[in-house]
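Engineer: What follows is a single structure, and I will ask about it in a moment.
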Amino acid sequence: MTPRWEASRDDADAALRLQGVSVAYGNRLALDGINLSVRRGERVALVGPSGAGKSTLLGLANGTVTPIGGRVEVLGVDPTAASPGALRALRGRIGAVHQQLNLIGPLQVVHNVNAGRLGTWSRLRALRSLVRPLHVEEARAALERVGIAAYLHARTDRLSGGEQQRVALARVLVQDPDLVLADEPVASLDPARAEEVMSLLCGVMDGQAGERRTLVVSLHDFDLAVRHCDRIVGLRQGRVVLDVAVEEVGEGTGERIYDLTPDP
Ligand code: ADP
């Protein structure tokens, strides 16, 4: 297949570019010469069996995984060559959504939402906000967008799992990142909840000034990926084996996807 890296006309404006990138853990290749270019504003689903390399690819994008070869560019920055300060600044522009929500249960919701600002706040400011929350109206507006404004001052661990998921998404909203990386955000949820969380996640991709954030999300459920994303990238054994726009997904594609599922 033709790698998107070569095919994309919008490379200059890519949110994520991987060119011939390989990652190894010990002597085992986790990613094997990956070529991938994700345009700004695009919603890309990474699908493939467990162990295919999806988390590793997301780790490259947030600069926590170092390649053994190839070139990585995230929002115009090479994280492998960036200074600690530049890397910190880059991470401030990247939002993370995980299965584990990383909320602090005993704190009020407003503080967990404000945690989205920690990348830009000094330690003193963060401590001050714990005593008397700052940016309360922005936190309320973010909670409003995910439908739980009434819980602004509630203790976070008193909220249901679904409500806590919304708090985590409100935290992304106040962070206002350009790129959101989501690693299996719906893996442990029933189909109805998974659908709801994907809708909410895609809802927070609309940025404040009307621009669209870029989303790269790993998903097990192919149909869910088709319903919510623009493009499906299939990984298998560390290689890109499928790269299609959802409009190109037909019945034949489904069969190819099922071919992704079992490890040979
Ligand atoms: P996926 O997210 O698709 O399940 P991963 O990126 O987690 O895949 O893993 C890709 C490959 O790299 C697998 O073979 C996995 O066992 C291996 N791997 C991932 N993380 C580590 C690690 N920290 N140490 C050693 N091997 C790892």
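Please note that chains go A, B, ... in the order of the structure tokens, that every chain numbers its residues from 1, and that ligands are numbered from 1 in the order shown.
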Give me the residues within 12 Å of A:Arg171 as an NGL selection string, counting only C-alpha atoms and dropping any in the same chain fewer than 2 places off.
Structural biologist: :A and (95-97 or 101-103 or 109-119 or 138-143 or 145-146 or 164-169 or 173-177 or 180 or 201 or 204)
Engineer: Could you write out the selected residues, including N, CA and C atoms, as an mmCIF file, in the first residue's frame?
Structural biologist:
```cif
data_model
loop_
_atom_site.group_PDB
_atom_site.id
_atom_site.type_symbol
_atom_site.label_atom_id
_atom_site.label_comp_id
_atom_site.auth_asym_id
_atom_site.auth_seq_id
_atom_site.Cartn_x
_atom_site.Cartn_y
_atom_site.Cartn_z
ATOM 1 N N GLY A 95 -3.309 16.722 24.847
ATOM 2 C CA GLY A 95 -4.214 16.231 25.889
ATOM 3 C C GLY A 95 -4.201 14.719 25.893
ATOM 4 N N ALA A 96 -4.358 14.147 27.092
ATOM 5 C CA ALA A 96 -4.350 12.683 27.189
ATOM 6 C C ALA A 96 -5.666 12.204 27.775
ATOM 7 N N VAL A 97 -6.211 11.169 27.169
ATOM 8 C CA VAL A 97 -7.433 10.546 27.697
ATOM 9 C C VAL A 97 -7.157 9.057 27.811
ATOM 10 N N LEU A 101 -8.751 7.443 34.750
ATOM 11 C CA LEU A 101 -9.048 8.858 34.556
ATOM 12 C C LEU A 101 -8.045 9.771 35.250
ATOM 13 N N ASN A 102 -7.283 9.226 36.223
ATOM 14 C CA ASN A 102 -6.302 10.029 36.968
ATOM 15 C C ASN A 102 -6.914 11.272 37.601
ATOM 16 N N LEU A 103 -8.060 11.059 38.254
ATOM 17 C CA LEU A 103 -8.681 12.151 39.005
ATOM 18 C C LEU A 103 -8.332 11.963 40.480
ATOM 19 N N VAL A 109 -14.650 18.774 42.164
ATOM 20 C CA VAL A 109 -14.563 18.641 40.705
ATOM 21 C C VAL A 109 -13.784 19.814 40.090
ATOM 22 N N VAL A 110 -14.015 21.038 40.578
ATOM 23 C CA VAL A 110 -13.364 22.214 39.997
ATOM 24 C C VAL A 110 -11.839 22.059 39.990
ATOM 25 N N HIS A 111 -11.284 21.429 41.039
ATOM 26 C CA HIS A 111 -9.828 21.274 41.100
ATOM 27 C C HIS A 111 -9.344 20.259 40.056
ATOM 28 N N ASN A 112 -10.113 19.196 39.892
ATOM 29 C CA ASN A 112 -9.718 18.210 38.889
ATOM 30 C C ASN A 112 -9.819 18.784 37.480
ATOM 31 N N VAL A 113 -10.791 19.647 37.257
ATOM 32 C CA VAL A 113 -10.902 20.289 35.942
ATOM 33 C C VAL A 113 -9.716 21.242 35.757
ATOM 34 N N ASN A 114 -9.400 21.984 36.804
ATOM 35 C CA ASN A 114 -8.278 22.932 36.725
ATOM 36 C C ASN A 114 -6.933 22.233 36.554
ATOM 37 N N ALA A 115 -6.872 20.938 36.874
ATOM 38 C CA ALA A 115 -5.620 20.202 36.670
ATOM 39 C C ALA A 115 -5.192 20.266 35.203
ATOM 40 N N GLY A 116 -6.140 20.529 34.310
ATOM 41 C CA GLY A 116 -5.802 20.710 32.896
ATOM 42 C C GLY A 116 -4.892 21.912 32.662
ATOM 43 N N ARG A 117 -4.805 22.787 33.658
ATOM 44 C CA ARG A 117 -3.963 23.983 33.519
ATOM 45 C C ARG A 117 -2.589 23.821 34.147
ATOM 46 N N LEU A 118 -2.352 22.688 34.793
ATOM 47 C CA LEU A 118 -1.117 22.561 35.574
ATOM 48 C C LEU A 118 0.141 22.741 34.725
ATOM 49 N N GLY A 119 0.027 22.401 33.425
ATOM 50 C CA GLY A 119 1.186 22.571 32.544
ATOM 51 C C GLY A 119 1.579 24.029 32.374
ATOM 52 N N GLU A 138 -14.455 29.398 33.912
ATOM 53 C CA GLU A 138 -14.022 28.560 32.778
ATOM 54 C C GLU A 138 -14.250 27.083 33.095
ATOM 55 N N ALA A 139 -13.982 26.713 34.362
ATOM 56 C CA ALA A 139 -14.212 25.318 34.750
ATOM 57 C C ALA A 139 -15.697 24.990 34.637
ATOM 58 N N ARG A 140 -16.534 25.935 35.066
ATOM 59 C CA ARG A 140 -17.980 25.711 34.988
ATOM 60 C C ARG A 140 -18.420 25.571 33.522
ATOM 61 N N ALA A 141 -17.867 26.434 32.664
ATOM 62 C CA ALA A 141 -18.243 26.383 31.243
ATOM 63 C C ALA A 141 -17.831 25.041 30.625
ATOM 64 N N ALA A 142 -16.649 24.553 31.034
ATOM 65 C CA ALA A 142 -16.182 23.256 30.504
ATOM 66 C C ALA A 142 -17.119 22.143 30.972
ATOM 67 N N LEU A 143 -17.513 22.212 32.255
ATOM 68 C CA LEU A 143 -18.430 21.186 32.779
ATOM 69 C C LEU A 143 -19.797 21.280 32.102
ATOM 70 N N ARG A 145 -20.292 22.115 29.077
ATOM 71 C CA ARG A 145 -20.187 21.505 27.741
ATOM 72 C C ARG A 145 -20.300 19.990 27.784
ATOM 73 N N VAL A 146 -19.886 19.406 28.909
ATOM 74 C CA VAL A 146 -20.017 17.949 29.004
ATOM 75 C C VAL A 146 -21.229 17.560 29.863
ATOM 76 N N GLN A 164 -17.541 10.976 36.215
ATOM 77 C CA GLN A 164 -16.088 11.205 36.371
ATOM 78 C C GLN A 164 -15.407 11.252 35.002
ATOM 79 N N GLN A 165 -15.906 10.430 34.080
ATOM 80 C CA GLN A 165 -15.364 10.464 32.715
ATOM 81 C C GLN A 165 -15.567 11.864 32.117
ATOM 82 N N ARG A 166 -16.717 12.461 32.422
ATOM 83 C CA ARG A 166 -16.997 13.806 31.911
ATOM 84 C C ARG A 166 -16.075 14.843 32.549
ATOM 85 N N VAL A 167 -15.765 14.637 33.837
ATOM 86 C CA VAL A 167 -14.827 15.546 34.509
ATOM 87 C C VAL A 167 -13.472 15.499 33.783
ATOM 88 N N ALA A 168 -13.047 14.282 33.447
ATOM 89 C CA ALA A 168 -11.755 14.125 32.752
ATOM 90 C C ALA A 168 -11.787 14.841 31.397
ATOM 91 N N LEU A 169 -12.933 14.817 30.728
ATOM 92 C CA LEU A 169 -13.033 15.504 29.431
ATOM 93 C C LEU A 169 -13.097 17.025 29.618
ATOM 94 N N LEU A 173 -10.775 20.080 28.119
ATOM 95 C CA LEU A 173 -11.293 21.342 27.557
ATOM 96 C C LEU A 173 -10.556 22.553 28.107
ATOM 97 N N VAL A 174 -10.305 22.588 29.427
ATOM 98 C CA VAL A 174 -9.611 23.764 29.961
ATOM 99 C C VAL A 174 -8.130 23.747 29.576
ATOM 100 N N GLN A 175 -7.591 22.573 29.346
ATOM 101 C CA GLN A 175 -6.197 22.510 28.862
ATOM 102 C C GLN A 175 -6.116 23.108 27.462
ATOM 103 N N ASP A 176 -7.192 22.910 26.671
ATOM 104 C CA ASP A 176 -7.277 23.451 25.318
ATOM 105 C C ASP A 176 -6.108 22.993 24.432
ATOM 106 N N PRO A 177 -5.894 21.670 24.354
ATOM 107 C CA PRO A 177 -4.749 21.184 23.584
ATOM 108 C C PRO A 177 -5.021 21.193 22.078
ATOM 109 N N VAL A 180 -5.104 15.552 20.812
ATOM 110 C CA VAL A 180 -5.561 14.702 21.917
ATOM 111 C C VAL A 180 -5.217 13.257 21.577
ATOM 112 N N LEU A 201 -16.148 12.597 23.656
ATOM 113 C CA LEU A 201 -14.743 12.818 23.296
ATOM 114 C C LEU A 201 -14.662 13.620 21.990
ATOM 115 N N VAL A 204 -15.528 17.290 22.453
ATOM 116 C CA VAL A 204 -14.515 18.210 22.989
ATOM 117 C C VAL A 204 -13.383 18.461 21.981
#
```
Engineer: As a quick test: using only C-alpha atoms and all ligand atoms, which residues lie no more than 10 Å away from ligand 1? Give them as a ChimeraX atom specification.
Structural biologist: /A:23-31,46-60,65,183-184,218-220,234-238
Engineer: Work out how far atom CA of A:Leu36 is from atom CA of A:Arg17, in Å to one decimal.
Structural biologist: 5.8 Å
Engineer: Given only C-alpha atoms as the basis, pick out the residue of A:Leu181, A:Ala81, A:Ile68, A:Leu189 nearest to A:Arg93.
Structural biologist: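 Ranked by minimum distance to A:Arg93, first place goes to A:Leu181.
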Engineer: Mind listing the alpha helix (DSSP H) residues of stretch 10-214 of chain A, per DSSP on the backbone, as number ranges by chain?
Structural biologist: A: 54-61, 84-92, 109-114, 123-131, 136-145, 161-175, 191-203
Engineer: Need the shell around A:Gly85: protein/DNA/RNA residues with any atom at most 12 Å away, counting only C-alpha atoms. Skip same-chain ones fewer than 6 positions apart. Format as a ChimeraX atom specification?
Structural biologist: /A:79,91-92,119-120
Engineer: Just give me the gap between atom CA of A:Ala245 and atom CA of A:Arg71 in Å, one decimal is fine.
Structural biologist: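 Computing it gives 23.9 Å between the two atoms.
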Engineer: Using only C-alpha atoms for the distances, tell me which of A:Val217, A:Arg40, A:Asp190, A:Gly69 is nearest to A:Cys202.
Structural biologist: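 Going through A:Val217, A:Arg40, A:Asp190, A:Gly69 one by one, the smallest distance to A:Cys202 is for A:Val217.
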